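Here's query-v6.cif, which has mmCIF, C-alpha atoms:
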```
data_target
#
loop_
_atom_site.label_atom_id
_atom_site.label_comp_id
_atom_site.auth_asym_id
_atom_site.auth_seq_id
_atom_site.Cartn_x
_atom_site.Cartn_y
_atom_site.Cartn_z
CA MET A 151 -3.78 -31.92 -1.83
CA SER A 152 -0.31 -31.12 -0.52
CA GLU A 153 0.24 -30.63 3.19
CA LYS A 154 -0.36 -27.06 4.29
CA LYS A 155 2.83 -25.29 5.28
CA LEU A 156 2.12 -23.27 8.41
CA SER A 157 3.36 -19.71 8.76
CA CYS A 158 2.69 -16.48 10.67
CA ILE A 159 -0.88 -16.27 9.39
CA ASP A 160 -1.63 -19.53 11.25
CA CYS A 161 -0.28 -18.22 14.57
CA ALA A 162 -2.64 -17.17 17.36
CA VAL A 163 -0.09 -15.94 19.90
CA SER A 164 2.18 -13.46 18.06
CA ASN A 165 4.78 -13.82 20.80
CA CYS A 166 7.43 -12.42 18.44
CA ASN A 167 5.79 -9.08 19.28
CA HIS A 168 5.78 -9.70 23.05
CA MET A 169 9.29 -11.18 23.21
CA ASP A 170 8.45 -13.81 25.83
CA LYS A 171 10.33 -16.51 23.86
CA THR A 172 7.42 -18.96 23.76
CA TYR A 173 6.74 -19.83 20.15
CA PRO A 174 4.62 -22.36 18.23
CA GLU A 175 6.43 -25.38 16.82
CA PHE A 176 6.13 -23.98 13.28
CA CYS A 177 7.22 -20.43 14.21
CA LEU A 178 9.21 -18.67 11.50
CA THR A 179 11.28 -16.89 14.14
CA THR A 180 12.71 -20.16 15.45
CA HIS A 181 12.79 -22.00 12.11
CA MET A 182 14.19 -19.29 9.88
CA ASP A 183 17.02 -19.60 7.40
CA GLU A 184 19.65 -17.50 9.14
CA LYS A 185 21.04 -16.34 5.80
CA VAL A 186 17.67 -14.84 4.87
CA LEU A 187 17.58 -13.03 8.21
CA ALA A 188 21.14 -11.78 7.73
CA ASP A 189 20.38 -10.61 4.20
CA ALA A 190 17.34 -8.71 5.44
CA MET A 191 19.21 -7.05 8.30
CA ALA A 192 22.04 -6.08 5.95
CA CYS A 193 19.56 -3.84 4.12
CA TYR A 194 19.43 -1.68 7.29
CA ALA A 195 23.16 -0.99 7.24
CA GLU A 196 24.43 2.40 8.39
CA GLY A 197 23.89 5.08 5.76
CA THR A 198 21.22 3.24 3.74
CA GLU A 199 17.81 4.61 2.82
CA ASP A 200 16.19 1.49 4.31
CA ARG A 201 17.76 2.26 7.68
CA LYS A 202 16.53 5.85 7.64
CA ILE A 203 13.00 4.81 6.63
CA ALA A 204 12.93 2.22 9.42
CA GLN A 205 14.11 4.76 11.99
CA VAL A 206 11.72 7.51 10.91
CA SER A 207 8.79 5.09 10.67
CA ALA A 208 9.41 4.04 14.26
CA THR A 209 9.39 7.64 15.50
CA VAL A 210 6.16 8.40 13.60
CA GLU A 211 4.51 5.32 15.07
CA HIS A 212 5.68 6.25 18.56
CA ASP A 213 4.91 9.96 18.49
CA GLY A 214 1.53 9.75 16.79
CA TYR A 215 0.25 6.46 18.20
CA MET A 216 -3.56 6.64 18.47
CA GLN A 217 -3.36 10.40 17.86
CA TRP A 218 -2.56 11.03 14.20
CA CYS A 219 -4.69 9.86 11.29
CA ARG A 220 -2.89 8.39 8.28
CA VAL A 221 -2.81 11.73 6.42
CA GLU A 222 -1.05 13.28 9.41
CA GLU A 223 1.35 10.35 9.61
CA ILE A 224 2.25 10.84 5.94
CA ILE A 225 2.92 14.53 6.53
CA VAL A 226 5.16 13.88 9.51
CA PHE A 227 6.94 10.95 7.88
CA ALA A 228 7.65 12.91 4.69
CA ARG A 229 8.88 15.91 6.65
CA ARG A 230 11.18 13.85 8.87
CA MET A 231 12.55 12.02 5.83
CA GLY A 232 13.39 15.36 4.26
CA TYR A 233 11.10 14.79 1.27
CA LYS A 234 10.21 17.97 -0.61
CA LYS A 235 8.28 16.80 -3.67
CA LEU A 236 5.40 14.36 -3.25
CA GLY A 237 3.65 12.48 -6.03
CA ILE A 238 0.03 11.35 -6.04
CA ALA A 239 -1.04 8.42 -8.22
CA THR A 240 -4.81 8.61 -8.19
CA CYS A 241 -7.83 6.89 -9.65
CA VAL A 242 -9.89 9.36 -11.70
CA GLY A 243 -12.81 8.45 -9.46
CA LEU A 244 -10.96 9.91 -6.47
CA LEU A 245 -9.74 13.13 -8.10
CA PHE A 246 -11.81 15.22 -5.68
CA ASP A 247 -10.14 13.54 -2.70
CA ALA A 248 -6.75 13.75 -4.42
CA ARG A 249 -7.18 17.51 -4.87
CA THR A 250 -8.06 17.81 -1.19
CA LEU A 251 -4.96 15.81 -0.27
CA ALA A 252 -2.81 17.99 -2.53
CA LYS A 253 -4.20 21.14 -0.89
CA ILE A 254 -3.41 19.76 2.57
CA LEU A 255 0.11 18.76 1.58
CA ARG A 256 0.79 22.12 -0.09
CA ASN A 257 -0.44 23.90 3.03
CA HIS A 258 2.28 21.99 4.88
CA GLY A 259 4.97 23.21 2.52
CA PHE A 260 5.32 20.31 0.10
CA GLU A 261 5.50 20.52 -3.67
CA VAL A 262 2.85 18.15 -5.04
CA TYR A 263 2.45 16.59 -8.48
CA GLY A 264 -0.33 14.15 -9.36
CA VAL A 265 -1.15 11.81 -12.24
CA ALA A 266 -4.58 10.23 -12.80
CA CYS A 267 -4.98 6.65 -13.95
CA LYS A 268 -6.58 7.48 -17.32
CA CYS A 269 -3.84 9.94 -18.28
CA GLY A 270 -2.66 9.34 -21.85
CA THR A 271 -6.09 8.03 -23.02
CA GLN A 272 -4.72 4.75 -24.37
CA LYS A 273 -7.16 2.04 -25.38
CA LYS A 274 -7.76 -1.25 -23.62
CA ASP A 275 -7.68 -2.94 -27.03
CA ASP A 276 -4.06 -1.80 -27.45
CA VAL A 277 -2.89 -3.95 -24.52
CA GLY A 278 -5.03 -6.97 -25.39
CA CYS A 279 -7.78 -6.60 -22.79
CA ASP A 280 -10.87 -8.74 -23.24
CA PRO A 281 -13.41 -6.78 -25.37
CA SER A 282 -16.02 -7.09 -22.60
CA CYS A 283 -13.90 -4.72 -20.48
CA ASN A 284 -14.84 -1.89 -22.85
CA GLU A 285 -18.30 -1.91 -21.25
CA LEU A 286 -16.79 0.12 -18.40
CA GLY A 287 -14.96 2.48 -20.77
CA VAL A 288 -12.54 2.03 -23.64
CA ASN A 289 -9.48 3.71 -22.09
CA ILE A 290 -7.08 1.73 -19.90
CA CYS A 291 -5.98 2.63 -16.43
CA ASN A 292 -2.26 3.20 -17.02
CA PRO A 293 -0.33 2.80 -13.76
CA VAL A 294 2.95 2.24 -15.61
CA LEU A 295 2.56 5.66 -17.24
CA GLN A 296 1.63 7.17 -13.85
CA ALA A 297 4.85 5.82 -12.38
CA LYS A 298 6.99 6.94 -15.30
CA LEU A 299 5.56 10.47 -15.27
CA LEU A 300 6.22 10.75 -11.54
CA ASN A 301 9.70 9.35 -12.11
CA GLU A 302 10.29 12.11 -14.68
CA GLU A 303 9.17 14.66 -12.11
CA LYS A 304 11.69 13.14 -9.69
CA THR A 305 9.23 12.94 -6.83
CA ASP A 306 10.78 12.00 -3.48
CA PHE A 307 7.79 10.01 -2.23
CA ASN A 308 4.61 8.77 -3.93
CA ILE A 309 1.12 8.31 -2.49
CA VAL A 310 -1.40 5.87 -3.99
CA MET A 311 -5.01 7.03 -4.02
CA GLY A 312 -7.42 4.22 -4.90
CA LEU A 313 -5.70 2.40 -7.74
CA CYS A 314 -7.45 -0.85 -8.66
CA VAL A 315 -6.16 -4.26 -7.59
CA GLY A 316 -3.39 -5.15 -10.01
CA HIS A 317 -3.05 -1.59 -11.29
CA ASP A 318 -1.57 -0.69 -7.92
CA SER A 319 0.84 -3.63 -8.33
CA LEU A 320 2.12 -2.22 -11.62
CA PHE A 321 2.55 1.21 -10.06
CA TYR A 322 4.55 -0.22 -7.15
CA LYS A 323 6.68 -2.16 -9.63
CA HIS A 324 7.61 0.83 -11.80
CA SER A 325 7.85 3.71 -9.30
CA GLU A 326 11.42 4.75 -8.55
CA ALA A 327 10.44 6.63 -5.37
CA PRO A 328 9.25 4.95 -2.15
CA ILE A 329 5.46 4.58 -1.95
CA THR A 330 2.72 4.59 0.63
CA THR A 331 -0.97 3.84 0.11
CA LEU A 332 -3.52 6.27 1.50
CA VAL A 333 -6.63 4.77 -0.12
CA ALA A 334 -7.13 1.09 -0.99
CA LYS A 335 -9.79 0.81 -3.71
CA ASP A 336 -13.03 -0.89 -2.66
CA ARG A 337 -16.03 0.47 -4.54
CA VAL A 338 -18.50 -1.64 -2.54
CA LEU A 339 -17.26 -0.86 0.97
CA GLY A 340 -16.42 2.83 0.62
CA HIS A 341 -12.70 2.10 0.21
CA ASN A 342 -12.61 0.29 3.55
CA PRO A 343 -11.73 -3.28 2.47
CA VAL A 344 -11.02 -4.52 5.98
CA ALA A 345 -14.76 -4.30 6.69
CA ALA A 346 -15.25 -7.52 4.71
CA LEU A 347 -12.77 -9.29 7.00
CA HIS A 348 -14.50 -8.00 10.12
CA GLN A 349 -17.78 -9.44 8.79
CA ALA A 350 -16.42 -12.61 7.17
CA GLU A 351 -18.30 -14.78 9.68
CA PHE A 352 -21.56 -12.85 9.25
CA TYR A 353 -22.60 -10.48 6.42
CA TYR A 354 -19.68 -11.52 4.23
CA LYS A 355 -19.85 -15.21 5.07
CA ARG A 356 -19.82 -15.96 1.33
CA LEU A 357 -16.10 -15.12 1.33
CA MET A 358 -15.43 -18.29 3.29
CA GLU A 359 -16.69 -20.47 0.45
CA ASP A 360 -15.10 -21.06 -2.92
CA SER A 361 -17.57 -20.18 -5.65
CA GLU A 362 -17.90 -20.03 -9.43
CA GLU A 363 -18.67 -16.32 -9.07
CA LEU A 364 -15.10 -15.62 -8.01
CA LYS A 365 -13.44 -17.73 -10.72
#
```
Output the file's structure as structure tokens, nothing else.
Amino acid sequence: MSEKKLSCIDCAVSNCNHMDKTYPEFCLTTHMDEKVLADAMACYAEGTEDRKIAQVSATVEHDGYMQWCRVEEIIVFARRMGYKKLGIATCVGLLFDARTLAKILRNHGFEVYGVACKCGTQKKDDVGCDPSCNELGVNICNPVLQAKLLNEEKTDFNIVMGLCVGHDSLFYKHSEAPITTLVAKDRVLGHNPVAALHQAEFYYKRLMEDSEELK
């Protein structure tokens, strides 16, 4: 087994957030390729979309800290960014919640357009899925089509509502507009996946062990 390369996930002090200049020996802040840092900071240059998103995100965090829920943060962020048309990429299983979200957003003056994952009714067989997957339904979830339809609608900002693991990756890859996730799919934990991490030493202790079940 190769030697484990330590990174931020192995840090227990997070002093980069406190700015007290005491860092672990492996800290990325003190052992970073300066060119990578420079390249990243160049993305925030005056007049860029990245700079505006960074600035607006900071004001939303500051103004709504411990006050606004994520839906409210999305509303404020979209309004401050000047977005007018919002897209919703939703799982068909969350259409009720997606309709509620659309109603809320429309009440706040946004134009809203949504696309469900099964739109287009294409078959899993057509993209080479294992035949056993048809046990849960023969039509594919089509996040690439969701992205392309929202691209055609020229949405300013897209919101993900419960796309499956991997399907969400394809949507992020093909969406032309910036994206935020409102719901992370977790059928077992009521779409609250962090609950498994909070209980990883107790009820979900099985996560700590490699198993054939997860192969």
### Point-to-point distance from CA of Ala208 in chain A to CA of Asn342 in chain A, Å rounded to tenths
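Between CA of Ala208 in chain A and CA of Asn342 in chain A the gap is 24.8 Å.
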### Query
Looking at all atoms listed in the file, which of A:Phe307, A:Phe321, A:Gly316, A:Cys177 is the one that sits closest to Leu295 in chain A?
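So, comparing all the options, the nearest one is A:Phe321.
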### Task
List the neighbours of Lys304 in chain A out to 12 Å using only C-alpha atoms; skip same-chain residues closer than 5 positions along the sequence, and give me the result as a PyMOL selection string.
chain A and resi 233-237+261-263+297-299+325-328
### Message
I need the residue nearest Lys274 in chain A from this list: A:Asn292, A:His258, A:Cys158, A:Ala204. Use all atoms listed in the file for the distance.
### Response
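Among the listed residues, the smallest separation from Lys274 in chain A belongs to A:Asn292.
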### Residues near Thr330 in chain A, cut-off 7 Å, all atoms listed in the file, skip fewer than 2 positions along chain, as a ChimeraX atom specification
/A:308-310,332
Output C-alpha atoms of each residue in that selection to a file, as a PDB file, in the coordinates of the input.
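part-v2.pdb written:
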```pdb
ATOM      1  CA  ASN A 308       4.610   8.770  -3.930  1.00  0.00           C
ATOM      2  CA  ILE A 309       1.120   8.310  -2.490  1.00  0.00           C
ATOM      3  CA  VAL A 310      -1.400   5.870  -3.990  1.00  0.00           C
ATOM      4  CA  LEU A 332      -3.520   6.270   1.500  1.00  0.00           C
TER       5      LEU A 332
END
```
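Checking A:Leu245, A:Leu251, A:Cys314, A:Arg201 one by one against Glu222 in chain A, counting all atoms listed in the file, you find the shortest gap at A:Leu251.
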### Message
Measuring between all atoms listed in the file, which one of A:Leu347, A:Met311, A:Cys267, A:Met169 shows the shortest distance to Asp247 in chain A?
### Response
A:Met311
### Message
Given only C-alpha atoms as the basis, pick out the residue of A:His348, A:Lys268, A:Arg220, A:Arg337 nearest to His317 in chain A.
### Response
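Among A:His348, A:Lys268, A:Arg220, A:Arg337, it is A:Lys268 that comes nearest to His317 in chain A.
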### Selected residue, from A:Val186, A:Leu244, A:Val315, A:Cys291, that lies nearest to Gly340 in chain A when counting only C-alpha atoms
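Under the stated criterion, the closest residue is A:Leu244.
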Which residues, named as in the file, does the PyMOL selection byres ((chain A and resi 224) around 10) pick out? Answer as a compact mmCIF listing (two decimals) with C-alpha atoms, keeping the file's coordinate frame.
```
# COMPACT_ATOMS: atom_id res chain seq x y z
CA SER A 207 8.79 5.09 10.67
CA VAL A 210 6.16 8.40 13.60
CA TRP A 218 -2.56 11.03 14.20
CA CYS A 219 -4.69 9.86 11.29
CA ARG A 220 -2.89 8.39 8.28
CA VAL A 221 -2.81 11.73 6.42
CA GLU A 222 -1.05 13.28 9.41
CA GLU A 223 1.35 10.35 9.61
CA ILE A 225 2.92 14.53 6.53
CA VAL A 226 5.16 13.88 9.51
CA PHE A 227 6.94 10.95 7.88
CA ALA A 228 7.65 12.91 4.69
CA ARG A 229 8.88 15.91 6.65
CA ARG A 230 11.18 13.85 8.87
CA LEU A 255 0.11 18.76 1.58
CA PHE A 307 7.79 10.01 -2.23
CA ILE A 309 1.12 8.31 -2.49
CA THR A 330 2.72 4.59 0.63
CA THR A 331 -0.97 3.84 0.11
CA LEU A 332 -3.52 6.27 1.50
```
#### Entry: Atomic separation - CA of Ala162 in chain A relative to CA of Phe352 in chain A, Å
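The value is 21.0 Å.
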### Task
Record the distance separating CA of Gly214 in chain A and CA of Gly312 in chain A, expressed in Å with one decimal.
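Calculated distance between CA of Gly214 in chain A and CA of Gly312 in chain A is 24.1 Å.
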### Task
Can you pull out every residue within 10 Å of Asn165 in chain A, counting all atoms listed in the file, but drop anything in the same chain fewer than 6 positions away, and send it as a ChimeraX atom specification?
/A:171-174,177,179
### Query
Given the file above and the PyMOL selection byres ((chain A and resi 265) around 7), which residues are selected, and can you give them as a list in words?
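This file gives the following for the PyMOL selection byres ((chain A and resi 265) around 7): Ile238, Ala239, Thr240, Gly264, Ala266, Cys267, Cys269 and Gln296 of chain A.
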